[in-house]
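> Structure in structure tokens, see below.
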Amino acid sequence: RFGVAVFVGGAPSLLSYTMRLQLSVRGRGACEKADFSLHFQDALVHWNLLTESVKRQLLQILRHLKKDDLLKFLYVDDEGDTVSINSDLEWREALRVSGEEQKGCVVMRLEVWSSGKTPESATATKSTSSCCSASGSSSSSSCCAGFQRPLQNDTAVYDRVPPAKTSNPTAAQYQYSGDALMAVTLPLGALGGGCIAVAGDGGLRQWQVCNRVAHNAQVPDSFFGVRVGTGTTSTSAVLMSPALYNRKGFHPANLVTDHLIPQASKDLLAALPGIQTVEITAKFPIVEIDYTSPDIPVQIHTEAFSPCVPLDSKNSALPVIIFNYTVTNPTANTVEVSLLGSLQNIAGWDGASAITNEVENAAYGGNTNTVLPKTTGYTVLDMMNPSLQAMDAMNGHIALAVLNATGDVVTMTPQFDSVKDMWTPFAQTGKLSPGSTGASPAGKTWNGALSLTKAIAPKQTQTFTFLLAWHYPHRYVNWSQTSFGIKDKTTQFYLGNRYATFWPSIQNVLDYTVANIAMLTAKTRAFRDAMFNSTLPWQLIDSAAGRVSVLNSPTSMWHGDGNFYAFEGCKPTVGCCPLNCTHVWNYEFALSRLWPDLERSMRAVDLQEQISPNAIIPSRTTVPLELRRQWSFWPDYTQVDQASTAICVDGEIGTVYKTYREVLQGAPKDWFNQQWPQVKKVMQRWMTDLDDGTGVIRGPQPNTYDCTLYGVNTFLGTQYLCALRAAEEMAKLQGDTTSASAYQARYQKGTAALDKLCFTNGKYYTQVVDPAHNVNVMSDGTHVDALMGWWWAHALNLGDILPPDHVKSSLQATFTQNHVTAFDPNLQYPRKFFDQRDAGLFVERWPDGTVPSNAIRYSSEGAWTGLEYPFAAQCLYAGLDDVFLQVLTEARAKYDGTRRSPWNEIECGDHYSRPMGGFQLFEVASGITWSFVPNTTTFNLSFAPRLSATNFVGFFILCTCYGQYVQKGDAQLATGSAQIVITDGQLVLNQLQLASTASAATATVGTAPVTVKPTQEAGVLTLVFSSPLTLAAAQTLTIKLG
């Protein structure tokens, strides 16, 4: 007999028992409480029988509930996440995690969503018996939290009067000033190794360098300041502006907190003078700040960045931020300029709790600041706490350094606890006093400060370079893994940080940075310029380049074992939905293109560690890898509910086509050989267990929308088709002709069947609903993610897996039906991401304007940018250029600094990983495709720009190099020129194809001619080099056409 025993504390403990259910029930705008008991004679209770009993009780209690309503049940797990219950196994897990046994009674607190087919235009009302307050807050952590995963409750509530809209008028120049600075926070830091954000006031916020998530963590007394002496007078200021600290009438966006001003910042600028105005120009990975005040007689410009070098993961993982302060003296007299850096010693701090009275926190005590010896050309204040245990997670170092040359004057206050006391001598003389000595007392820490003084002649400029570095080597698992079977909450499982294996101490970090600062600076600037010095629409560039910031955020981690790991995003104080979520990271392209070695580590974990004996890949990864895998807790290691979202099939099949992406991105042959047998196992499972032989998936399809689809749909169907084609191409590369033929044959069946089944209305693709499982339907709606696999097929140059005209029609219909010029928060649920100031797409809409009561989850939310970027890419592939640009324009308007940070695009938390699909927009625009000469990294390369083809300058990246493709000429490129500019790395080129009607061409590298054979066929010009052509960094291949 299959059923669910009541598990409380890990074992079935009750035979006859009473279950008390404390429910928060929401639907039709009402939120009501219900509290009742059910008695059971047997510990084995089927989930469907339980839900029927609950519904009967609720119909007698709740006035808003209707007999034909569907109920969706959720519980709050031990991480605070809201998790849905859809099956016996999931109910068992809910009981185990949340059930409380109390003298023969099992108490369960659940959240219930009831839904009926209600016109969206209906005005939402609140029940007078609602368990929520008028502001939407709740005394219970789960009461009316909304049908959502770990996102926090609403942070902004609006009435029917739309809030006034403020836009950033200089967004197209990547500039932020005035109101557009309100929510600016740009994370700088190590690739997978911690970050600090540069904020719109010019200061530093969101300190997340000590191995934990704490989005609003603030470290007091950590800032930069300036003093300018002009003869007998001087002026001084903290390089931060309080201009927006007391802004009136500001209406924040919902579910974001980047606009919040830390109290420590307010206290600092209440005690010390600040700068009047700040203007920021941000082209990730570099942010530039201009500070101006009428009483500061010099011009101060700051460039801040962490090393970010494509195809060089080690140098991109340096835990350091470089600040270059360029000071220009516009006056007729020599001025004495002193730049000051102040930093708090945070060793021992938990990374989240409040630090009060400048230096007080319960974890502080025994902190010491010392000057590092044996440094040449720079001075360092190293901050630590020698009283901490050696392997303590919080036992780390943080340091402030300044580069100094002959003639420069460096002074310091190594230890102080009052910023006013430190500032007074600096403001008077530009010099710092010695300060305090000894270790800090219990509950307190020390701040430390360095000052560099230079004399600047009239009309001259000097640069002051400061370094802020950290070194916290001891990362541990600090999130729950109970849902993966790891019940031990007391053992600290060690992970480590990869950067600590490259640089074992903070002095190693600083020595390396100083020794290589010219190279690191040049390469980081070159990366920025290759992306931004372009003729592409600014909306595309910013949408693509800015998403790389997720890899510097606490979402991303490069562990000591050498593998790259990541959350989906970050809740306020913990990572969201650990770890390496296969279906969310299905959308990511930034890591795979920029640091393919790290992306390969994620695939190897999926295929070598995570995969079960029957080729099922659980959606999330347990760490460290020495622990048992989730499937090892399944009966016989293979028996699992196929409808469970613990094994989302889109993430599983995505592992196949992502493996092919890694192969195209230059994966070594031995790596490919190791993964290939596992890929074949996945494909075998799909072709035998999930596919009935028609090339179409009909059974349970748990997926990234946190629900299970049934029936035939193009969202999962196209991903399967893409995987079949990707597997076919991999089989050919492996010389496995038998498998290649099988994949091709099944693909041919599937593409014809999927199109026939789902394109029936002549306008767009729909779902064939399974009448036996009439739940979570897309039905006849237009879903923004319906062609996910088609996008991937084009990204992998696998061709059209569905008829192009049907795809184009479907995309246009989706935009027409889903687009709104102003969102109404009351029509979005469960999460209200957007308000009347925002335009964009709904996730799904239906032609009659109503939402089915059994609709797919999240369909009534405003589409996340993680969906908008792939949709925009699809539109550009399909020739819908206007739709493409409008979608990106509206995405950038949502995140323009006025109320949301341009470098924190949210979904299930901050710094969400799904939007990294936006990085693929670069290659969609350039039309780049490539293949390799067998068993080499010699390229057959092709460009066919889809935008600005007569004057195209755009970024490209391959596994061995990156740079720009430049094309100028007439509309068909019958005459004109094409250039491949190598910024860094090396390109070995066998053949080049261009979208050109020219029949003649010549080639040069610099001024040296290159022998090339042109061939014209159907508007494609193929250029074959007499022998492979090698292009090194800073070299340019020029093709003259006509």
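Note on naming: chains are A, B, ... as they come in the structure tokens, residues start from 1 per chain, ligands start from 1 in the order shown.
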Pick out the residues sitting within 9 Å of A:Phe502, and hand them over as an NGL selection string; count only C-alpha atoms, and ignore anything fewer than 6 positions along from it in its own chain.
:A and (314 or 318 or 508-509)
> Output as a count of residues only all residues of stretch 525-652 of chain A that backbone DSSP marks as strand (DSSP E).
10
> From the list A:Asn563, A:Cys577, A:Ile616, A:Ala740, which residue is nearest A:Arg603 when using only C-alpha atoms?
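With only C-alpha atoms as the atom set, the closest residue is A:Asn563.
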> At what distance in Å, to one decimal, does atom CA of A:Val924 lie from atom CA of A:Thr816?
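Interatomic distance, atom CA of A:Thr816 to atom CA of A:Val924: 22.5 Å.
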> For A:Pro596, which residue among A:Asn369, A:Asn385, A:Gln462, A:Gln665 is the nearest when counting only C-alpha atoms?
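Among the listed residues, A:Gln665 lies closest to A:Pro596.
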> Could you pull the residues within 12 Å of A:Thr491, counting only C-alpha atoms, minus those fewer than 2 positions along the same chain, as a PDB file with N, CA and C atoms, in the first residue's frame?

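Everything below was put into selection11.pdb:
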```
ATOM      1  N   TYR A 476      32.215  27.989   4.897  1.00  0.00           N
ATOM      2  CA  TYR A 476      31.492  26.786   5.297  1.00  0.00           C
ATOM      3  C   TYR A 476      30.077  26.825   4.719  1.00  0.00           C
ATOM      4  N   VAL A 477      29.426  25.672   4.725  1.00  0.00           N
ATOM      5  CA  VAL A 477      28.010  25.637   4.357  1.00  0.00           C
ATOM      6  C   VAL A 477      27.230  26.373   5.441  1.00  0.00           C
ATOM      7  N   ASN A 478      26.582  27.456   5.078  1.00  0.00           N
ATOM      8  CA  ASN A 478      25.767  28.180   6.058  1.00  0.00           C
ATOM      9  C   ASN A 478      24.331  28.322   5.563  1.00  0.00           C
ATOM     10  N   TRP A 479      23.879  27.289   4.873  1.00  0.00           N
ATOM     11  CA  TRP A 479      22.480  27.216   4.451  1.00  0.00           C
ATOM     12  C   TRP A 479      21.996  25.784   4.704  1.00  0.00           C
ATOM     13  N   SER A 480      20.693  25.629   4.753  1.00  0.00           N
ATOM     14  CA  SER A 480      20.111  24.324   5.046  1.00  0.00           C
ATOM     15  C   SER A 480      20.192  23.407   3.830  1.00  0.00           C
ATOM     16  N   GLN A 481      20.517  22.130   4.099  1.00  0.00           N
ATOM     17  CA  GLN A 481      20.479  21.110   3.054  1.00  0.00           C
ATOM     18  C   GLN A 481      19.591  19.936   3.482  1.00  0.00           C
ATOM     19  N   ILE A 486      20.412  15.888   4.073  1.00  0.00           N
ATOM     20  CA  ILE A 486      21.480  16.183   5.024  1.00  0.00           C
ATOM     21  C   ILE A 486      20.838  16.844   6.242  1.00  0.00           C
ATOM     22  N   LYS A 487      20.557  16.050   7.267  1.00  0.00           N
ATOM     23  CA  LYS A 487      19.786  16.538   8.411  1.00  0.00           C
ATOM     24  C   LYS A 487      20.658  17.218   9.458  1.00  0.00           C
ATOM     25  N   ASP A 488      21.949  17.005   9.400  1.00  0.00           N
ATOM     26  CA  ASP A 488      22.860  17.532  10.411  1.00  0.00           C
ATOM     27  C   ASP A 488      22.959  19.046  10.273  1.00  0.00           C
ATOM     28  N   LYS A 489      22.470  19.764  11.281  1.00  0.00           N
ATOM     29  CA  LYS A 489      22.519  21.219  11.266  1.00  0.00           C
ATOM     30  C   LYS A 489      23.614  21.772  12.179  1.00  0.00           C
ATOM     31  N   PHE A 493      30.314  22.126   7.515  1.00  0.00           N
ATOM     32  CA  PHE A 493      30.928  21.474   6.362  1.00  0.00           C
ATOM     33  C   PHE A 493      31.806  22.486   5.632  1.00  0.00           C
ATOM     34  N   TYR A 494      33.076  22.155   5.534  1.00  0.00           N
ATOM     35  CA  TYR A 494      34.062  23.099   5.004  1.00  0.00           C
ATOM     36  C   TYR A 494      34.018  23.140   3.482  1.00  0.00           C
TER      37      TYR A 494
END
```
